[in-house]
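Next up, my_file-v4.tsv (TSV, C-alpha atoms and all ligand atoms):
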chain	number	residue	atom	x	y	z
A	237	MET	CA	13.70	10.19	62.15
A	238	GLN	CA	16.31	11.56	64.54
A	239	THR	CA	17.64	9.60	67.48
A	240	ILE	CA	19.10	11.85	70.14
A	241	ALA	CA	20.93	10.81	73.31
A	242	ILE	CA	20.84	13.18	76.28
A	243	TYR	CA	23.97	12.54	78.26
A	244	ASN	CA	26.42	13.93	80.76
A	245	GLN	CA	28.56	11.68	82.92
A	246	LYS	CA	27.74	13.84	85.93
A	247	GLY	CA	24.40	13.28	87.72
A	248	GLY	CA	21.86	15.99	88.41
A	249	THR	CA	22.70	18.11	85.37
A	250	GLY	CA	19.16	18.08	83.98
A	251	LYS	CA	19.23	15.05	81.66
A	252	THR	CA	15.81	13.76	82.70
A	253	THR	CA	14.30	17.25	82.92
A	254	THR	CA	15.50	18.00	79.39
A	255	THR	CA	14.33	14.66	77.99
A	256	ILE	CA	10.81	14.91	79.41
A	257	ASN	CA	10.16	18.56	78.59
A	258	LEU	CA	11.86	18.56	75.19
A	259	GLY	CA	10.00	15.32	74.39
A	260	HIS	CA	6.65	16.81	75.34
A	261	ALA	CA	7.39	20.08	73.54
A	262	LEU	CA	8.13	18.14	70.34
A	263	ALA	CA	4.95	16.08	70.84
A	264	LEU	CA	2.90	19.26	71.33
A	265	ALA	CA	4.41	20.55	68.09
A	266	GLY	CA	2.82	17.54	66.39
A	267	LYS	CA	5.88	15.33	66.15
A	268	GLN	CA	5.76	11.63	66.95
A	269	VAL	CA	8.11	11.12	69.87
A	270	LEU	CA	9.52	8.15	71.78
A	271	ILE	CA	11.38	8.64	75.05
A	272	ILE	CA	13.67	5.78	76.03
A	273	ASP	CA	14.72	5.59	79.66
A	274	ILE	CA	17.88	3.55	80.23
A	275	ASP	CA	18.43	4.65	83.81
A	276	ASP	CA	17.79	2.24	86.69
A	277	GLN	CA	16.23	5.15	88.62
A	278	GLY	CA	13.24	4.88	86.28
A	279	ASN	CA	12.55	8.59	86.62
A	280	ASP	CA	10.87	9.14	83.30
A	281	ALA	CA	7.75	7.08	84.03
A	282	GLU	CA	7.40	8.74	87.42
A	283	CYS	CA	7.92	12.25	86.07
A	284	LEU	CA	5.34	11.62	83.35
A	285	GLY	CA	3.00	10.02	85.89
A	286	VAL	CA	2.55	6.77	83.95
A	287	LYS	CA	2.34	3.17	85.11
A	288	PHE	CA	3.77	0.27	83.13
A	289	THR	CA	4.07	-3.50	83.19
A	290	LYS	CA	6.80	-4.14	80.62
A	291	SER	CA	9.92	-2.09	80.19
A	292	ILE	CA	13.27	-1.89	78.44
A	293	TYR	CA	14.27	-4.87	80.59
A	294	HIS	CA	11.82	-7.11	78.68
A	295	LEU	CA	12.86	-5.63	75.34
A	296	LEU	CA	16.55	-6.34	75.89
A	297	LYS	CA	16.49	-9.47	78.03
A	298	ASP	CA	13.44	-11.38	76.77
A	299	GLU	CA	13.36	-9.87	73.28
A	300	ALA	CA	9.73	-8.97	73.96
A	301	PRO	CA	8.05	-7.18	71.02
A	302	PHE	CA	8.65	-3.42	71.06
A	303	GLU	CA	4.91	-2.61	71.03
A	304	GLU	CA	4.43	-4.60	74.25
A	305	CYS	CA	7.20	-2.74	76.05
A	306	ILE	CA	6.10	0.85	75.38
A	307	THR	CA	3.48	2.90	77.16
A	308	THR	CA	1.49	5.79	75.72
A	309	ALA	CA	2.47	8.73	77.91
A	310	ARG	CA	0.75	11.61	76.11
A	311	LYS	CA	-0.72	12.37	72.69
A	312	ASN	CA	2.17	11.80	70.20
A	313	LEU	CA	4.47	10.72	73.04
A	314	ASP	CA	5.39	7.11	73.88
A	315	LEU	CA	7.70	5.95	76.63
A	316	LEU	CA	9.94	2.90	76.75
A	317	PRO	CA	10.26	2.88	80.52
A	318	SER	CA	12.95	1.59	82.82
A	319	ASP	CA	13.36	0.61	86.45
A	320	GLU	CA	15.94	-1.04	88.69
A	321	THR	CA	15.68	-4.34	86.74
A	322	ILE	CA	17.71	-2.77	83.93
A	323	SER	CA	20.84	-3.06	86.06
A	324	GLN	CA	20.48	-6.89	85.97
A	325	VAL	CA	20.44	-6.75	82.18
A	326	ALA	CA	23.53	-4.55	82.22
A	327	LEU	CA	25.36	-7.21	84.24
A	328	GLU	CA	24.25	-10.01	81.93
A	329	MET	CA	25.16	-8.06	78.83
A	330	VAL	CA	28.83	-8.47	79.65
A	331	GLY	CA	28.56	-12.01	78.25
A	332	TRP	CA	26.61	-11.04	75.11
A	333	ARG	CA	28.17	-10.93	71.68
A	334	ASN	CA	28.06	-7.47	70.12
A	335	ARG	CA	26.75	-6.16	73.46
A	336	GLU	CA	27.50	-2.52	72.59
A	337	ASN	CA	24.83	-2.67	69.89
A	338	ALA	CA	22.04	-4.58	71.67
A	339	LEU	CA	19.72	-1.56	71.85
A	340	LYS	CA	20.35	-0.64	68.23
A	341	LYS	CA	19.65	-4.21	67.13
A	342	ARG	CA	16.31	-4.25	68.94
A	343	LEU	CA	15.18	-0.83	67.74
A	344	GLU	CA	16.67	-0.07	64.35
A	345	HIS	CA	13.58	-1.31	62.48
A	346	ILE	CA	11.29	1.10	64.37
A	347	ASP	CA	10.35	3.90	62.00
A	348	LYS	CA	7.12	5.38	63.33
A	349	TYR	CA	8.70	8.28	65.22
A	350	ASP	CA	10.06	11.65	64.17
A	351	TYR	CA	12.24	11.83	67.29
A	352	ILE	CA	13.63	9.24	69.68
A	353	LEU	CA	15.12	10.77	72.84
A	354	ILE	CA	17.29	8.58	75.07
A	355	ASP	CA	17.58	9.66	78.71
A	356	CYS	CA	21.00	8.29	79.65
A	357	GLN	CA	22.33	7.18	83.00
A	358	THR	CA	24.87	9.11	84.96
A	359	GLY	CA	28.41	7.71	84.63
A	360	LEU	CA	29.83	5.34	82.07
A	361	GLY	CA	28.59	1.79	81.53
A	362	ILE	CA	27.34	-0.52	78.86
A	363	LEU	CA	23.84	0.98	78.63
A	364	ASN	CA	25.18	4.44	77.92
A	365	GLU	CA	27.53	2.96	75.39
A	366	ASN	CA	24.51	1.33	73.74
A	367	ALA	CA	22.72	4.68	73.67
A	368	LEU	CA	25.73	6.38	72.08
A	369	ASN	CA	26.02	3.65	69.47
A	370	PHE	CA	22.33	3.88	68.60
A	371	CYS	CA	21.92	7.66	68.50
A	372	GLN	CA	22.70	9.99	65.62
A	373	LYS	CA	22.84	13.15	67.71
A	374	LEU	CA	24.10	13.97	71.15
A	375	ILE	CA	22.87	16.63	73.55
A	376	VAL	CA	24.81	17.37	76.74
A	377	PRO	CA	23.05	19.29	79.51
A	378	VAL	CA	25.69	21.08	81.57
A	379	SER	CA	24.73	22.60	84.90
A	380	MET	CA	26.72	25.61	85.95
A	381	GLU	CA	29.15	23.87	88.29
A	382	TYR	CA	32.66	22.57	88.03
A	383	LEU	CA	31.98	18.82	87.99
A	384	SER	CA	29.29	19.15	85.36
A	385	VAL	CA	31.58	21.16	83.08
A	386	LYS	CA	34.22	18.52	83.69
A	387	GLY	CA	31.59	15.90	82.72
A	388	LEU	CA	31.22	17.66	79.36
A	389	PHE	CA	34.92	17.23	78.65
A	390	LYS	CA	34.67	13.57	79.68
A	391	VAL	CA	31.80	13.02	77.22
A	392	ASP	CA	33.84	14.70	74.50
A	393	LYS	CA	36.77	12.37	75.19
A	394	LEU	CA	34.52	9.28	75.43
A	395	ILE	CA	32.88	9.82	72.05
A	396	TYR	CA	36.30	10.44	70.54
A	397	ASP	CA	37.33	6.98	71.84
A	398	LEU	CA	34.08	5.37	70.62
A	399	ARG	CA	34.62	6.92	67.21
A	400	GLU	CA	38.02	5.26	67.05
A	401	ASP	CA	36.56	1.88	68.10
A	402	PHE	CA	33.47	1.81	65.92
A	403	GLN	CA	34.26	4.32	63.18
A	404	LYS	CA	31.11	6.13	64.16
A	405	ASN	CA	30.66	9.72	63.15
A	406	LEU	CA	29.35	10.85	66.54
A	407	LYS	CA	29.99	14.29	67.97
A	408	ILE	CA	28.43	16.58	70.53
A	409	ASP	CA	25.67	18.43	68.69
A	410	LEU	CA	24.27	20.61	71.42
A	411	ILE	CA	25.42	21.79	74.84
A	412	ILE	CA	22.59	23.04	77.03
A	413	PRO	CA	23.60	25.32	79.89
A	414	THR	CA	21.19	24.29	82.68
A	415	PHE	CA	20.42	25.69	86.14
A	416	VAL	CA	21.41	29.06	84.71
A	417	ASP	CA	21.13	31.96	87.14
A	418	ASP	CA	22.37	35.24	85.71
A	419	ARG	CA	22.86	36.68	89.18
A	420	VAL	CA	25.60	34.15	89.86
A	421	LYS	CA	29.05	35.20	88.68
A	422	ARG	CA	30.19	31.61	88.09
A	423	THR	CA	27.32	31.01	85.63
A	424	LYS	CA	28.42	33.91	83.44
A	425	GLU	CA	32.02	32.74	83.57
A	426	TYR	CA	31.13	29.22	82.39
A	427	ILE	CA	28.95	30.44	79.54
A	428	GLU	CA	31.67	32.88	78.40
A	429	PHE	CA	34.14	30.02	78.68
A	430	PHE	CA	32.10	27.76	76.33
A	431	GLU	CA	31.43	30.55	73.89
A	432	GLY	CA	35.13	31.41	73.81
A	433	MET	CA	36.13	27.85	72.91
A	434	GLU	CA	36.44	27.28	69.18
A	435	HIS	CA	35.50	23.61	69.70
A	436	PHE	CA	32.21	24.30	71.50
A	437	LYS	CA	31.06	27.75	70.53
A	438	ASP	CA	28.59	26.77	67.78
A	439	MET	CA	27.01	24.04	69.88
A	440	ILE	CA	25.58	26.17	72.69
A	441	SER	CA	21.78	26.05	72.92
A	442	PRO	CA	19.46	28.59	74.54
A	443	ASN	CA	19.87	28.41	78.34
A	444	ILE	CA	17.59	26.54	80.72
A	445	ARG	CA	17.34	28.84	83.71
A	446	ILE	CA	16.93	27.68	87.25
A	447	ASP	CA	13.21	27.28	87.99
A	448	THR	CA	11.76	25.40	90.95
A	449	LYS	CA	8.59	24.84	88.90
A	450	LEU	CA	10.58	22.27	86.91
A	451	SER	CA	11.16	20.06	89.94
A	452	GLU	CA	7.68	20.69	91.34
A	453	SER	CA	6.10	19.57	88.05
A	454	PHE	CA	7.71	16.13	88.32
A	455	ALA	CA	6.39	15.64	91.84
A	456	HIS	CA	2.93	15.93	90.24
A	457	GLY	CA	3.72	13.59	87.34
A	458	LYS	CA	3.37	16.50	84.92
A	459	THR	CA	5.56	18.14	82.34
A	460	ILE	CA	6.27	21.83	82.75
A	461	PHE	CA	3.70	22.62	80.01
A	462	GLU	CA	0.98	20.91	82.03
A	463	TYR	CA	2.08	22.18	85.41
A	464	TYR	CA	2.92	25.84	84.78
A	465	LEU	CA	2.86	27.03	81.21
A	466	ASN	CA	3.62	30.61	82.16
A	467	SER	CA	7.00	29.76	83.72
A	468	ARG	CA	10.64	30.32	82.84
A	469	GLY	CA	11.10	26.55	82.57
A	470	ALA	CA	8.32	26.23	79.97
A	471	TYR	CA	9.60	29.20	77.95
A	472	ASP	CA	13.18	27.90	77.96
A	473	HIS	CA	12.20	24.40	76.88
A	474	ILE	CA	10.15	25.85	74.02
A	475	GLN	CA	13.27	27.74	72.83
A	476	LEU	CA	15.23	24.49	73.08
A	477	CYS	CA	12.53	22.66	71.13
A	478	LYS	CA	12.71	25.29	68.36
A	479	ARG	CA	16.46	24.76	68.12
A	480	VAL	CA	15.97	20.98	67.83
A	481	LEU	CA	13.22	21.43	65.21
A	482	GLU	CA	15.66	23.52	63.17
A	483	GLY	CA	17.76	20.34	62.92
A	484	ILE	CA	20.03	21.14	65.87
A	501	LIG	N1	16.52	24.25	85.51
A	501	LIG	C1	16.23	23.69	86.68
A	501	LIG	N2	15.85	24.46	87.73
A	501	LIG	C2	15.55	23.91	88.93
A	501	LIG	N3	15.58	22.59	89.19
A	501	LIG	C3	15.94	21.76	88.18
A	501	LIG	C4	16.30	22.26	86.89
A	501	LIG	N4	16.62	21.19	86.10
A	501	LIG	C5	16.48	20.10	86.86
A	501	LIG	N5	16.08	20.42	88.10
A	501	LIG	C6	15.89	19.50	89.24
A	501	LIG	O1	17.19	19.02	89.62
A	501	LIG	C7	17.16	17.62	89.89
A	501	LIG	C8	18.10	16.88	88.94
A	501	LIG	O2	17.62	17.01	87.62
A	501	LIG	P1	17.50	15.76	86.63
A	501	LIG	O3	16.87	16.24	85.39
A	501	LIG	O4	16.86	14.61	87.34
A	501	LIG	O5	19.05	15.44	86.39
A	501	LIG	P2	19.77	14.13	85.81
A	501	LIG	O6	18.76	13.37	85.03
A	501	LIG	O7	20.88	14.68	84.97
A	501	LIG	O8	20.31	13.37	86.99
A	501	LIG	C9	15.71	17.21	89.76
A	501	LIG	O9	15.12	17.26	91.03
A	501	LIG	C10	15.10	18.26	88.85
A	501	LIG	O10	13.72	18.44	89.08
A	502	MG	MG	18.11	11.37	85.17
Show me this structure written as structure tokens.
Amino acid sequence: MQTIAIYNQKGGTGKTTTTINLGHALALAGKQVLIIDIDDQGNDAECLGVKFTKSIYHLLKDEAPFEECITTARKNLDLLPSDETISQVALEMVGWRNRENALKKRLEHIDKYDYILIDCQTGLGILNENALNFCQKLIVPVSMEYLSVKGLFKVDKLIYDLREDFQKNLKIDLIIPTFVDDRVKRTKEYIEFFEGMEHFKDMISPNIRIDTKLSESFAHGKTIFEYYLNSRGAYDHIQLCKRVLEGI
């Protein structure tokens, strides 16, 4: 089993898009997949078009059984959904002992999945810290703009600090250039910049190109493979999935 957090401190870099489409690609490849949403936007349930009664709120706050809190989203794909109630839990967690490991404590006995993907929130915060403490691998989607690239460096610094605090062997495993448009000069410059950096050059995944079909698909509660299989977005997420199946 591999637990992978998908995180960038900057919003709108493609975290949710990557989580949903990578998750479904892995599920279509026959892997057992769980997506965990820890964002108060609750986008994952909406993008997958599923309804739910219990969520990560009940798992963390009420210690509800895991099986009651998940929803079957697709064949081989379960979702532990989230909504705005998670922000109440985040506030209460401040008073909890060992609060940085609450998610890990509730989920570490779960062994029925090949992949657990955690769709992180934008920014810092206790829930993201929980995700980083629970995961074994870290994927950072970086859109081709200054603040997103800056977000990558912030993540790198944050996990360095967490490593010091918890002696955890966490590092960035994969950087996904997202919203890639080869016609834009800035895009090429950023990709060359990553590839030229000794620290990052082996972590760069196949690109996710800009594709409006990706955002349209979510409006229909569908993954890109259900909405438009013959699209750039579907092709690119399949390449990403292959990279993840190789072990990242
Ligand atoms: N490669 C892409 N091409 C076009 N639109 C995209 C792409 N990736 C994401 N989007 C759209 O951009 C917005 C932000 O993406 P999202 O995955 O929600 O980012 P995050 O979870 O990091 O905030 C969404 O509306 C999404 O549909
Ligand atoms: Mg998101």
Do you know which residues are within 8 Å of ligand MG 502 (chain A) using all atoms listed in the file? Can you write them as an mmCIF file with C-alpha atoms, in the frame of the given file?
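Wrote it out as result_20.cif, contents follow:
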data_model
loop_
_atom_site.group_PDB
_atom_site.id
_atom_site.type_symbol
_atom_site.label_atom_id
_atom_site.label_comp_id
_atom_site.auth_asym_id
_atom_site.auth_seq_id
_atom_site.Cartn_x
_atom_site.Cartn_y
_atom_site.Cartn_z
ATOM 1 C CA GLY A 247 24.400 13.280 87.720
ATOM 2 C CA GLY A 248 21.860 15.990 88.410
ATOM 3 C CA GLY A 250 19.160 18.080 83.980
ATOM 4 C CA LYS A 251 19.230 15.050 81.660
ATOM 5 C CA THR A 252 15.810 13.760 82.700
ATOM 6 C CA THR A 253 14.300 17.250 82.920
ATOM 7 C CA ASP A 275 18.430 4.650 83.810
ATOM 8 C CA GLN A 277 16.230 5.150 88.620
ATOM 9 C CA ASN A 279 12.550 8.590 86.620
ATOM 10 C CA ASP A 280 10.870 9.140 83.300
ATOM 11 C CA ASP A 355 17.580 9.660 78.710
ATOM 12 C CA CYS A 356 21.000 8.290 79.650
ATOM 13 C CA GLN A 357 22.330 7.180 83.000
ATOM 14 C CA THR A 358 24.870 9.110 84.960
#
Using only C-alpha atoms and all ligand atoms, which residues of the polymer chains come no farther than 10 Å from ligand LIG 501 (chain A)? I'd like the answer as an MDAnalysis selection string.
chainID A and resid 242:257 275 277 279:280 283 355:358 376:379 384 413:417 443:455 468:469 472:473
Since we have the selection now, will you write its residues out, keeping C-alpha atoms, as a PDB file, in the coordinates of the input?
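Written out: selection01.pdb:
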ATOM      1  CA  ILE A 242      20.840  13.180  76.280  1.00  0.00           C
ATOM      2  CA  TYR A 243      23.970  12.540  78.260  1.00  0.00           C
ATOM      3  CA  ASN A 244      26.420  13.930  80.760  1.00  0.00           C
ATOM      4  CA  GLN A 245      28.560  11.680  82.920  1.00  0.00           C
ATOM      5  CA  LYS A 246      27.740  13.840  85.930  1.00  0.00           C
ATOM      6  CA  GLY A 247      24.400  13.280  87.720  1.00  0.00           C
ATOM      7  CA  GLY A 248      21.860  15.990  88.410  1.00  0.00           C
ATOM      8  CA  THR A 249      22.700  18.110  85.370  1.00  0.00           C
ATOM      9  CA  GLY A 250      19.160  18.080  83.980  1.00  0.00           C
ATOM     10  CA  LYS A 251      19.230  15.050  81.660  1.00  0.00           C
ATOM     11  CA  THR A 252      15.810  13.760  82.700  1.00  0.00           C
ATOM     12  CA  THR A 253      14.300  17.250  82.920  1.00  0.00           C
ATOM     13  CA  THR A 254      15.500  18.000  79.390  1.00  0.00           C
ATOM     14  CA  THR A 255      14.330  14.660  77.990  1.00  0.00           C
ATOM     15  CA  ILE A 256      10.810  14.910  79.410  1.00  0.00           C
ATOM     16  CA  ASN A 257      10.160  18.560  78.590  1.00  0.00           C
ATOM     17  CA  ASP A 275      18.430   4.650  83.810  1.00  0.00           C
ATOM     18  CA  GLN A 277      16.230   5.150  88.620  1.00  0.00           C
ATOM     19  CA  ASN A 279      12.550   8.590  86.620  1.00  0.00           C
ATOM     20  CA  ASP A 280      10.870   9.140  83.300  1.00  0.00           C
ATOM     21  CA  CYS A 283       7.920  12.250  86.070  1.00  0.00           C
ATOM     22  CA  ASP A 355      17.580   9.660  78.710  1.00  0.00           C
ATOM     23  CA  CYS A 356      21.000   8.290  79.650  1.00  0.00           C
ATOM     24  CA  GLN A 357      22.330   7.180  83.000  1.00  0.00           C
ATOM     25  CA  THR A 358      24.870   9.110  84.960  1.00  0.00           C
ATOM     26  CA  VAL A 376      24.810  17.370  76.740  1.00  0.00           C
ATOM     27  CA  PRO A 377      23.050  19.290  79.510  1.00  0.00           C
ATOM     28  CA  VAL A 378      25.690  21.080  81.570  1.00  0.00           C
ATOM     29  CA  SER A 379      24.730  22.600  84.900  1.00  0.00           C
ATOM     30  CA  SER A 384      29.290  19.150  85.360  1.00  0.00           C
ATOM     31  CA  PRO A 413      23.600  25.320  79.890  1.00  0.00           C
ATOM     32  CA  THR A 414      21.190  24.290  82.680  1.00  0.00           C
ATOM     33  CA  PHE A 415      20.420  25.690  86.140  1.00  0.00           C
ATOM     34  CA  VAL A 416      21.410  29.060  84.710  1.00  0.00           C
ATOM     35  CA  ASP A 417      21.130  31.960  87.140  1.00  0.00           C
ATOM     36  CA  ASN A 443      19.870  28.410  78.340  1.00  0.00           C
ATOM     37  CA  ILE A 444      17.590  26.540  80.720  1.00  0.00           C
ATOM     38  CA  ARG A 445      17.340  28.840  83.710  1.00  0.00           C
ATOM     39  CA  ILE A 446      16.930  27.680  87.250  1.00  0.00           C
ATOM     40  CA  ASP A 447      13.210  27.280  87.990  1.00  0.00           C
ATOM     41  CA  THR A 448      11.760  25.400  90.950  1.00  0.00           C
ATOM     42  CA  LYS A 449       8.590  24.840  88.900  1.00  0.00           C
ATOM     43  CA  LEU A 450      10.580  22.270  86.910  1.00  0.00           C
ATOM     44  CA  SER A 451      11.160  20.060  89.940  1.00  0.00           C
ATOM     45  CA  GLU A 452       7.680  20.690  91.340  1.00  0.00           C
ATOM     46  CA  SER A 453       6.100  19.570  88.050  1.00  0.00           C
ATOM     47  CA  PHE A 454       7.710  16.130  88.320  1.00  0.00           C
ATOM     48  CA  ALA A 455       6.390  15.640  91.840  1.00  0.00           C
ATOM     49  CA  ARG A 468      10.640  30.320  82.840  1.00  0.00           C
ATOM     50  CA  GLY A 469      11.100  26.550  82.570  1.00  0.00           C
ATOM     51  CA  ASP A 472      13.180  27.900  77.960  1.00  0.00           C
ATOM     52  CA  HIS A 473      12.200  24.400  76.880  1.00  0.00           C
TER      53      HIS A 473
END
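Distance check against Ala338 in chain A using only C-alpha atoms: of A:Val286, A:Val325, A:Ala470, A:Met439, the minimum falls on A:Val325.
Atom pair CA of Lys341 in chain A / CA of Glu365 in chain A has a distance of 13.5 Å (rounded to one decimal).
The spacing separating CA of Asn312 in chain A from CA of Lys267 in chain A amounts to 6.5 Å.
Here CA of Leu339 in chain A is placed at a distance of 16.6 Å from CA of Leu406 in chain A.
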Can I get the residues of range 302-348 of chain A within 12 Å of range 389-402 of chain A, each with the closest pair of atoms and their distance in Å to one decimal, using all atoms listed in the file, sorted chain first then ascending number, as CSV?
residue,atom,partner,partner_atom,distance
A:Asn334,CA,A:Phe402,CA,11.5
A:Glu336,CA,A:Phe402,CA,9.9
A:Asn337,CA,A:Phe402,CA,10.5
If the box runs along x, y and z of the file and leaves 4 Å on each side of range 312-329 of chain A, what are its centre and edge lengths in Å, one decimal, as lines of an AutoDock Vina configuration file?
center_x = 13.8
center_y = 0.9
center_z = 79.4
size_x = 31.2
size_y = 29.8
size_z = 26.5
I'd like to know which of A:Ala263, A:Ala309, A:Leu295, A:Ile375 is closest to Asp409 in chain A, using all atoms listed in the file.
A:Ile375
Who sits within 12 Å of Asp347 in chain A, all atoms listed in the file, same chain under 2 positions skipped, as a CSV table (one decimal) with C-alpha atoms, in the frame of the given file:
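Contents of the output file selection.csv:
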chain,number,residue,atom,x,y,z
A,237,MET,CA,13.7,10.2,62.2
A,238,GLN,CA,16.3,11.6,64.5
A,239,THR,CA,17.6,9.6,67.5
A,268,GLN,CA,5.8,11.6,67.0
A,269,VAL,CA,8.1,11.1,69.9
A,270,LEU,CA,9.5,8.2,71.8
A,302,PHE,CA,8.6,-3.4,71.1
A,343,LEU,CA,15.2,-0.8,67.7
A,344,GLU,CA,16.7,-0.1,64.4
A,345,HIS,CA,13.6,-1.3,62.5
A,349,TYR,CA,8.7,8.3,65.2
A,350,ASP,CA,10.1,11.6,64.2
A,351,TYR,CA,12.2,11.8,67.3
A,352,ILE,CA,13.6,9.2,69.7
Can you tell me which residues surround Glu304 in chain A at a distance of at most 12 Å, considering only C-alpha atoms, apart from same-chain residues fewer than 2 positions away, and format the answer as JSON, numbers by chain?
{"A": [288, 289, 290, 291, 292, 293, 294, 295, 298, 299, 300, 301, 302, 306, 307, 308, 314, 315, 316, 317]}
Would you mind exporting C-alpha atoms of the selected residues as a PDB file, keeping the file's coordinate frame?
ATOM      1  CA  PHE A 288       3.770   0.270  83.130  1.00  0.00           C
ATOM      2  CA  THR A 289       4.070  -3.500  83.190  1.00  0.00           C
ATOM      3  CA  LYS A 290       6.800  -4.140  80.620  1.00  0.00           C
ATOM      4  CA  SER A 291       9.920  -2.090  80.190  1.00  0.00           C
ATOM      5  CA  ILE A 292      13.270  -1.890  78.440  1.00  0.00           C
ATOM      6  CA  TYR A 293      14.270  -4.870  80.590  1.00  0.00           C
ATOM      7  CA  HIS A 294      11.820  -7.110  78.680  1.00  0.00           C
ATOM      8  CA  LEU A 295      12.860  -5.630  75.340  1.00  0.00           C
ATOM      9  CA  ASP A 298      13.440 -11.380  76.770  1.00  0.00           C
ATOM     10  CA  GLU A 299      13.360  -9.870  73.280  1.00  0.00           C
ATOM     11  CA  ALA A 300       9.730  -8.970  73.960  1.00  0.00           C
ATOM     12  CA  PRO A 301       8.050  -7.180  71.020  1.00  0.00           C
ATOM     13  CA  PHE A 302       8.650  -3.420  71.060  1.00  0.00           C
ATOM     14  CA  ILE A 306       6.100   0.850  75.380  1.00  0.00           C
ATOM     15  CA  THR A 307       3.480   2.900  77.160  1.00  0.00           C
ATOM     16  CA  THR A 308       1.490   5.790  75.720  1.00  0.00           C
ATOM     17  CA  ASP A 314       5.390   7.110  73.880  1.00  0.00           C
ATOM     18  CA  LEU A 315       7.700   5.950  76.630  1.00  0.00           C
ATOM     19  CA  LEU A 316       9.940   2.900  76.750  1.00  0.00           C
ATOM     20  CA  PRO A 317      10.260   2.880  80.520  1.00  0.00           C
TER      21      PRO A 317
END
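For the set A:Glu328, A:Glu381, A:Glu303, A:Asp418, the residue with the smallest atom-to-atom gap to Leu363 in chain A is A:Glu328, counting all atoms listed in the file.
Nearest to Ala281 in chain A of all the residues A:Ala367, A:Ala241, A:Lys458, A:Tyr426 is A:Lys458, counting only C-alpha atoms.
For the set A:Phe436, A:Tyr463, A:Tyr382, A:Trp332, the residue with the smallest atom-to-atom gap to Lys407 in chain A is A:Phe436, counting only C-alpha atoms.
Residue nearest Ile484 in chain A within the list A:Gly278, A:Pro442, A:Gly457, A:Gly359: A:Pro442 [criterion: smallest interatomic distance, only C-alpha atoms].
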Can I get N, CA and C atoms for range 393-407 of chain A, as a PDB file, in the first residue's frame?
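Writing the result to decode.pdb gives the following:
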ATOM      1  N   LYS A 393      10.587  23.440   1.980  1.00  0.00           N
ATOM      2  CA  LYS A 393      11.078  23.949   3.281  1.00  0.00           C
ATOM      3  C   LYS A 393      10.250  23.348   4.427  1.00  0.00           C
ATOM      4  N   LEU A 394       8.918  23.290   4.226  1.00  0.00           N
ATOM      5  CA  LEU A 394       8.033  22.766   5.270  1.00  0.00           C
ATOM      6  C   LEU A 394       8.374  21.319   5.619  1.00  0.00           C
ATOM      7  N   ILE A 395       8.573  20.492   4.597  1.00  0.00           N
ATOM      8  CA  ILE A 395       8.833  19.075   4.919  1.00  0.00           C
ATOM      9  C   ILE A 395      10.217  18.912   5.536  1.00  0.00           C
ATOM     10  N   TYR A 396      11.114  19.827   5.205  1.00  0.00           N
ATOM     11  CA  TYR A 396      12.428  19.813   5.861  1.00  0.00           C
ATOM     12  C   TYR A 396      12.235  20.070   7.367  1.00  0.00           C
ATOM     13  N   ASP A 397      11.377  21.055   7.698  1.00  0.00           N
ATOM     14  CA  ASP A 397      11.105  21.368   9.106  1.00  0.00           C
ATOM     15  C   ASP A 397      10.394  20.207   9.811  1.00  0.00           C
ATOM     16  N   LEU A 398       9.410  19.587   9.097  1.00  0.00           N
ATOM     17  CA  LEU A 398       8.684  18.466   9.700  1.00  0.00           C
ATOM     18  C   LEU A 398       9.623  17.299   9.968  1.00  0.00           C
ATOM     19  N   ARG A 399      10.551  17.102   9.027  1.00  0.00           N
ATOM     20  CA  ARG A 399      11.530  16.021   9.197  1.00  0.00           C
ATOM     21  C   ARG A 399      12.325  16.220  10.473  1.00  0.00           C
ATOM     22  N   GLU A 400      12.703  17.464  10.715  1.00  0.00           N
ATOM     23  CA  GLU A 400      13.471  17.783  11.921  1.00  0.00           C
ATOM     24  C   GLU A 400      12.643  17.502  13.165  1.00  0.00           C
ATOM     25  N   ASP A 401      11.323  17.868  13.113  1.00  0.00           N
ATOM     26  CA  ASP A 401      10.455  17.720  14.282  1.00  0.00           C
ATOM     27  C   ASP A 401      10.115  16.260  14.570  1.00  0.00           C
ATOM     28  N   PHE A 402       9.820  15.509  13.520  1.00  0.00           N
ATOM     29  CA  PHE A 402       9.287  14.159  13.728  1.00  0.00           C
ATOM     30  C   PHE A 402      10.215  13.053  13.220  1.00  0.00           C
ATOM     31  N   GLN A 403      11.405  13.426  12.835  1.00  0.00           N
ATOM     32  CA  GLN A 403      12.352  12.439  12.288  1.00  0.00           C
ATOM     33  C   GLN A 403      11.713  11.585  11.203  1.00  0.00           C
ATOM     34  N   LYS A 404      10.902  12.236  10.392  1.00  0.00           N
ATOM     35  CA  LYS A 404      10.222  11.494   9.338  1.00  0.00           C
ATOM     36  C   LYS A 404      11.025  11.609   8.047  1.00  0.00           C
ATOM     37  N   ASN A 405      11.028  10.534   7.288  1.00  0.00           N
ATOM     38  CA  ASN A 405      11.878  10.505   6.111  1.00  0.00           C
ATOM     39  C   ASN A 405      11.137  11.006   4.869  1.00  0.00           C
ATOM     40  N   LEU A 406      10.404  12.095   5.010  1.00  0.00           N
ATOM     41  CA  LEU A 406       9.559  12.571   3.915  1.00  0.00           C
ATOM     42  C   LEU A 406      10.345  13.483   2.978  1.00  0.00           C
ATOM     43  N   LYS A 407      10.063  13.306   1.675  1.00  0.00           N
ATOM     44  CA  LYS A 407      10.667  14.211   0.693  1.00  0.00           C
ATOM     45  C   LYS A 407       9.666  14.390  -0.450  1.00  0.00           C
TER      46      LYS A 407
END
